[in-house]
Every structure is written in structure tokens, then in C-alpha cells.
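Q: my_file32.cif (mmCIF, N, CA and C atoms) pasted underneath:
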data_final
loop_
_atom_site.group_PDB
_atom_site.id
_atom_site.type_symbol
_atom_site.label_atom_id
_atom_site.label_comp_id
_atom_site.auth_asym_id
_atom_site.auth_seq_id
_atom_site.Cartn_x
_atom_site.Cartn_y
_atom_site.Cartn_z
ATOM 1 N N MET D 1 -6.902 -18.805 18.784
ATOM 2 C CA MET D 1 -5.950 -17.904 18.154
ATOM 3 C C MET D 1 -6.138 -16.510 18.748
ATOM 4 N N PRO D 2 -5.062 -15.887 19.205
ATOM 5 C CA PRO D 2 -5.188 -14.571 19.818
ATOM 6 C C PRO D 2 -5.581 -13.511 18.788
ATOM 7 N N LYS D 3 -6.352 -12.549 19.253
ATOM 8 C CA LYS D 3 -6.781 -11.441 18.403
ATOM 9 C C LYS D 3 -5.590 -10.510 18.170
ATOM 10 N N PRO D 4 -5.370 -10.087 16.886
ATOM 11 C CA PRO D 4 -4.229 -9.198 16.627
ATOM 12 C C PRO D 4 -4.404 -7.850 17.323
ATOM 13 N N VAL D 5 -3.313 -7.318 17.770
ATOM 14 C CA VAL D 5 -3.324 -6.021 18.437
ATOM 15 C C VAL D 5 -2.895 -4.965 17.430
ATOM 16 N N HIS D 6 -3.682 -3.897 17.319
ATOM 17 C CA HIS D 6 -3.340 -2.791 16.430
ATOM 18 C C HIS D 6 -2.907 -1.605 17.279
ATOM 19 N N ARG D 7 -1.819 -1.033 16.917
ATOM 20 C CA ARG D 7 -1.313 0.140 17.621
ATOM 21 C C ARG D 7 -1.218 1.279 16.621
ATOM 22 N N SER D 8 -1.280 2.484 17.101
ATOM 23 C CA SER D 8 -1.188 3.621 16.186
ATOM 24 C C SER D 8 0.194 4.250 16.265
ATOM 25 N N LEU D 9 0.524 4.961 15.205
ATOM 26 C CA LEU D 9 1.819 5.611 15.093
ATOM 27 C C LEU D 9 1.618 6.869 14.253
ATOM 28 N N THR D 10 2.162 7.965 14.691
ATOM 29 C CA THR D 10 2.095 9.196 13.923
ATOM 30 C C THR D 10 3.463 9.469 13.331
ATOM 31 N N VAL D 11 3.488 9.676 12.020
ATOM 32 C CA VAL D 11 4.739 9.966 11.315
ATOM 33 C C VAL D 11 4.544 11.255 10.537
ATOM 34 N N ARG D 12 5.506 12.131 10.601
ATOM 35 C CA ARG D 12 5.419 13.396 9.872
ATOM 36 C C ARG D 12 6.325 13.314 8.642
ATOM 37 N N PHE D 13 5.735 13.651 7.481
ATOM 38 C CA PHE D 13 6.454 13.638 6.217
ATOM 39 C C PHE D 13 6.472 15.052 5.642
ATOM 40 N N PRO D 14 7.482 15.371 4.850
ATOM 41 C CA PRO D 14 7.418 16.622 4.104
ATOM 42 C C PRO D 14 6.194 16.563 3.176
ATOM 43 N N GLU D 15 5.597 17.707 2.913
ATOM 44 C CA GLU D 15 4.363 17.732 2.121
ATOM 45 C C GLU D 15 4.534 17.079 0.756
ATOM 46 N N SER D 16 5.654 17.303 0.093
ATOM 47 C CA SER D 16 5.869 16.720 -1.237
ATOM 48 C C SER D 16 5.890 15.191 -1.172
ATOM 49 N N PHE D 17 6.462 14.636 -0.114
ATOM 50 C CA PHE D 17 6.496 13.178 0.049
ATOM 51 C C PHE D 17 5.106 12.645 0.372
ATOM 52 N N TYR D 18 4.366 13.381 1.169
ATOM 53 C CA TYR D 18 2.990 13.001 1.490
ATOM 54 C C TYR D 18 2.147 12.934 0.214
ATOM 55 N N VAL D 19 2.290 13.941 -0.641
ATOM 56 C CA VAL D 19 1.528 13.980 -1.896
ATOM 57 C C VAL D 19 1.917 12.793 -2.776
ATOM 58 N N GLU D 20 3.202 12.482 -2.847
ATOM 59 C CA GLU D 20 3.664 11.339 -3.641
ATOM 60 C C GLU D 20 3.081 10.029 -3.108
ATOM 61 N N LEU D 21 3.109 9.858 -1.793
ATOM 62 C CA LEU D 21 2.529 8.651 -1.188
ATOM 63 C C LEU D 21 1.027 8.572 -1.453
ATOM 64 N N SER D 22 0.361 9.701 -1.339
ATOM 65 C CA SER D 22 -1.073 9.752 -1.572
ATOM 66 C C SER D 22 -1.403 9.388 -3.021
ATOM 67 N N ASP D 23 -0.613 9.895 -3.957
ATOM 68 C CA ASP D 23 -0.810 9.565 -5.371
ATOM 69 C C ASP D 23 -0.610 8.068 -5.620
ATOM 70 N N LEU D 24 0.403 7.484 -4.990
ATOM 71 C CA LEU D 24 0.636 6.043 -5.124
ATOM 72 C C LEU D 24 -0.548 5.244 -4.591
ATOM 73 N N ALA D 25 -1.047 5.648 -3.438
ATOM 74 C CA ALA D 25 -2.189 4.953 -2.832
ATOM 75 C C ALA D 25 -3.417 5.053 -3.737
ATOM 76 N N ASN D 26 -3.685 6.244 -4.249
ATOM 77 C CA ASN D 26 -4.830 6.432 -5.138
ATOM 78 C C ASN D 26 -4.692 5.598 -6.398
ATOM 79 N N ALA D 27 -3.491 5.554 -6.967
ATOM 80 C CA ALA D 27 -3.255 4.771 -8.183
ATOM 81 C C ALA D 27 -3.500 3.283 -7.947
ATOM 82 N N ASP D 28 -3.206 2.817 -6.734
ATOM 83 C CA ASP D 28 -3.409 1.401 -6.393
ATOM 84 C C ASP D 28 -4.795 1.132 -5.828
ATOM 85 N N GLY D 29 -5.578 2.194 -5.610
ATOM 86 C CA GLY D 29 -6.927 2.015 -5.078
ATOM 87 C C GLY D 29 -6.955 1.551 -3.633
ATOM 88 N N VAL D 30 -5.958 1.975 -2.864
ATOM 89 C CA VAL D 30 -5.894 1.602 -1.448
ATOM 90 C C VAL D 30 -5.797 2.871 -0.610
ATOM 91 N N SER D 31 -6.029 2.726 0.676
ATOM 92 C CA SER D 31 -5.903 3.875 1.569
ATOM 93 C C SER D 31 -4.429 4.247 1.738
ATOM 94 N N LEU D 32 -4.211 5.472 2.153
ATOM 95 C CA LEU D 32 -2.844 5.918 2.399
ATOM 96 C C LEU D 32 -2.197 5.057 3.483
ATOM 97 N N ASN D 33 -2.957 4.724 4.509
ATOM 98 C CA ASN D 33 -2.434 3.880 5.583
ATOM 99 C C ASN D 33 -2.002 2.510 5.046
ATOM 100 N N GLU D 34 -2.825 1.924 4.177
ATOM 101 C CA GLU D 34 -2.484 0.615 3.620
ATOM 102 C C GLU D 34 -1.238 0.705 2.744
ATOM 103 N N LYS D 35 -1.123 1.762 1.943
ATOM 104 C CA LYS D 35 0.046 1.929 1.079
ATOM 105 C C LYS D 35 1.312 2.072 1.907
ATOM 106 N N ILE D 36 1.264 2.877 2.962
ATOM 107 C CA ILE D 36 2.440 3.045 3.820
ATOM 108 C C ILE D 36 2.806 1.719 4.479
ATOM 109 N N THR D 37 1.808 0.960 4.916
ATOM 110 C CA THR D 37 2.060 -0.350 5.509
ATOM 111 C C THR D 37 2.732 -1.272 4.496
ATOM 112 N N GLN D 38 2.227 -1.292 3.248
ATOM 113 C CA GLN D 38 2.833 -2.111 2.199
ATOM 114 C C GLN D 38 4.293 -1.737 1.979
ATOM 115 N N LEU D 39 4.561 -0.443 1.890
ATOM 116 C CA LEU D 39 5.924 0.006 1.650
ATOM 117 C C LEU D 39 6.856 -0.325 2.810
ATOM 118 N N LEU D 40 6.357 -0.189 4.021
ATOM 119 C CA LEU D 40 7.171 -0.549 5.187
ATOM 120 C C LEU D 40 7.475 -2.044 5.196
ATOM 121 N N LEU D 41 6.469 -2.862 4.884
ATOM 122 C CA LEU D 41 6.688 -4.302 4.846
ATOM 123 C C LEU D 41 7.675 -4.688 3.748
ATOM 124 N N LEU D 42 7.585 -4.035 2.592
ATOM 125 C CA LEU D 42 8.558 -4.285 1.526
ATOM 126 C C LEU D 42 9.965 -3.937 1.995
ATOM 127 N N GLY D 43 10.082 -2.828 2.684
ATOM 128 C CA GLY D 43 11.380 -2.415 3.196
ATOM 129 C C GLY D 43 11.934 -3.358 4.247
ATOM 130 N N MET D 44 11.039 -4.094 4.901
ATOM 131 C CA MET D 44 11.453 -5.050 5.927
ATOM 132 C C MET D 44 11.625 -6.450 5.343
ATOM 133 N N GLY D 45 11.504 -6.558 4.002
ATOM 134 C CA GLY D 45 11.742 -7.844 3.356
ATOM 135 C C GLY D 45 10.525 -8.732 3.247
ATOM 136 N N ARG D 46 9.328 -8.228 3.492
ATOM 137 C CA ARG D 46 8.117 -9.043 3.378
ATOM 138 C C ARG D 46 7.412 -8.692 2.079
ATOM 139 N N HIS D 47 7.882 -9.254 0.997
ATOM 140 C CA HIS D 47 7.350 -8.940 -0.315
ATOM 141 C C HIS D 47 6.023 -9.655 -0.546
ATOM 142 N N ILE D 48 5.148 -9.028 -1.346
ATOM 143 C CA ILE D 48 3.891 -9.677 -1.677
ATOM 144 C C ILE D 48 4.182 -10.821 -2.634
ATOM 145 N N SER D 49 3.288 -11.771 -2.684
ATOM 146 C CA SER D 49 3.500 -12.921 -3.553
ATOM 147 C C SER D 49 3.376 -12.513 -5.016
ATOM 148 N N LEU D 50 4.018 -13.255 -5.872
ATOM 149 C CA LEU D 50 3.937 -12.998 -7.298
ATOM 150 C C LEU D 50 2.493 -13.119 -7.770
ATOM 151 N N ASP D 51 1.778 -14.100 -7.241
ATOM 152 C CA ASP D 51 0.374 -14.300 -7.600
ATOM 153 C C ASP D 51 -0.453 -13.059 -7.270
ATOM 154 N N ALA D 52 -0.272 -12.501 -6.090
ATOM 155 C CA ALA D 52 -1.022 -11.312 -5.687
ATOM 156 C C ALA D 52 -0.656 -10.118 -6.560
ATOM 157 N N ALA D 53 0.614 -9.962 -6.892
ATOM 158 C CA ALA D 53 1.048 -8.851 -7.737
ATOM 159 C C ALA D 53 0.466 -8.970 -9.133
ATOM 160 N N LEU D 54 0.501 -10.175 -9.703
ATOM 161 C CA LEU D 54 -0.052 -10.383 -11.041
ATOM 162 C C LEU D 54 -1.561 -10.163 -11.056
ATOM 163 N N ARG D 55 -2.241 -10.636 -10.033
ATOM 164 C CA ARG D 55 -3.692 -10.452 -9.945
ATOM 165 C C ARG D 55 -4.030 -8.961 -9.900
ATOM 166 N N ARG D 56 -3.286 -8.199 -9.130
ATOM 167 C CA ARG D 56 -3.520 -6.758 -9.018
ATOM 168 C C ARG D 56 -3.294 -6.069 -10.370
ATOM 169 N N LEU D 57 -2.194 -6.426 -11.053
ATOM 170 C CA LEU D 57 -1.901 -5.823 -12.350
ATOM 171 C C LEU D 57 -2.963 -6.170 -13.394
ATOM 172 N N LEU D 58 -3.388 -7.424 -13.415
ATOM 173 C CA LEU D 58 -4.399 -7.841 -14.390
ATOM 174 C C LEU D 58 -5.733 -7.161 -14.117
ATOM 175 N N THR D 59 -6.094 -7.040 -12.871
ATOM 176 C CA THR D 59 -7.358 -6.372 -12.511
ATOM 177 C C THR D 59 -7.326 -4.925 -12.970
ATOM 178 N N LYS D 60 -6.223 -4.227 -12.738
ATOM 179 C CA LYS D 60 -6.080 -2.836 -13.179
ATOM 180 C C LYS D 60 -6.194 -2.744 -14.695
ATOM 181 N N GLU D 61 -5.519 -3.652 -15.401
ATOM 182 C CA GLU D 61 -5.523 -3.636 -16.862
ATOM 183 C C GLU D 61 -6.929 -3.856 -17.400
ATOM 184 N N ILE D 62 -7.657 -4.793 -16.827
ATOM 185 C CA ILE D 62 -9.026 -5.084 -17.266
ATOM 186 C C ILE D 62 -9.928 -3.879 -17.022
ATOM 187 N N ILE D 63 -9.806 -3.263 -15.865
ATOM 188 C CA ILE D 63 -10.639 -2.097 -15.541
ATOM 189 C C ILE D 63 -10.315 -0.934 -16.475
ATOM 190 N N GLN D 64 -9.045 -0.709 -16.742
ATOM 191 C CA GLN D 64 -8.645 0.414 -17.604
ATOM 192 C C GLN D 64 -9.091 0.211 -19.043
ATOM 193 N N ASN D 65 -9.190 -1.035 -19.487
ATOM 194 C CA ASN D 65 -9.578 -1.312 -20.865
ATOM 195 C C ASN D 65 -11.077 -1.406 -21.076
ATOM 196 N N ASP D 66 -11.857 -1.352 -20.020
ATOM 197 C CA ASP D 66 -13.330 -1.412 -20.162
ATOM 198 C C ASP D 66 -13.909 -0.090 -20.580
#
Take the structure from the file and write it as C-alpha cells.

A:
Amino acid sequence: MPKPVHRSLTVRFPESFYVELSDLANADGVSLNEKITQLLLLGMGRHISLDAALRRLLTKEIIQND
């Protein structure tokens, strides 16, 4: 199996949008890069599975209630 190739990309956002993205990433406990990747994939029609979404929500709920 070939090794995946990672390429870099620089995108400039208005500061207010950057802060909003950063807040979303922090709320989900992921890096800003991962959050942007998730959002881009959603926009391209590659939605996360229902199982993964439910697992993430339940984990957050359990942590918040402890």
C-alpha cells in the first residue's frame, strides 16, 4: 500500500473567522488544522459516520458531567 502524501497549503482568513474556527476546534478538542480539514471534507460531501458523531457527543457529555 503506498504511503499517503501530505502537502501543505496556506490560507488567509479574516481574524474574526480565524477566532471562530479556533473556538470550534477547541470546543471539539482537536487542532485547528484538523477542524479545518473536517469542515473542508464536509463541504466536499464526505460526512463523518453517524457512529463516530454519536461517540464524540457521548464522550463530551460524559466528560462534562464528571

Q: Residues of segment 5-49 of chain D classed as alpha helix (DSSP H) by DSSP on the backbone are to be reported as a list in words.

A: Glu15, Ser16, Phe17, Tyr18, Val19, Glu20, Leu21, Ser22, Asp23, Leu24, Ala25, Asn26, Ala27, Asp28, Leu32, Asn33, Glu34, Lys35, Ile36, Thr37, Gln38, Leu39, Leu40, Leu41, Leu42 and Gly43 of chain D

Q: Quick check, in Å to one decimal: how far apart do atom CA of Ser8 of chain D and atom CA of Leu41 of chain D lie?

A: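 That distance, rounded to one decimal, is 15.9 Å.
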
Q: Just how far from atom CA of Thr37 of chain D is atom N of Val5 of chain D, in Å to one decimal?

A: 15.1 Å

Q: Could you tell me how far atom N of Ser16 of chain D lies from atom C of Glu34 of chain D, in Å and to one decimal?

A: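 Answer for the atom N of Ser16 of chain D to atom C of Glu34 of chain D separation: 18.2 Å.
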
Q: For Phe17 of chain D, which residue out of D:Ile63, D:Ile36, D:Gly45, D:Ala52 is the nearest one, using only C-alpha atoms?

A: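 Nearest candidate to Phe17 of chain D out of D:Ile63, D:Ile36, D:Gly45, D:Ala52: D:Ile36.
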
Q: Mind listing as a PyMOL selection string all residues within 7 Å of (4.2, 7.4, 2.4), counting only N, CA and C atoms?

A: chain D and resi 17-18+20-22+32+35-36
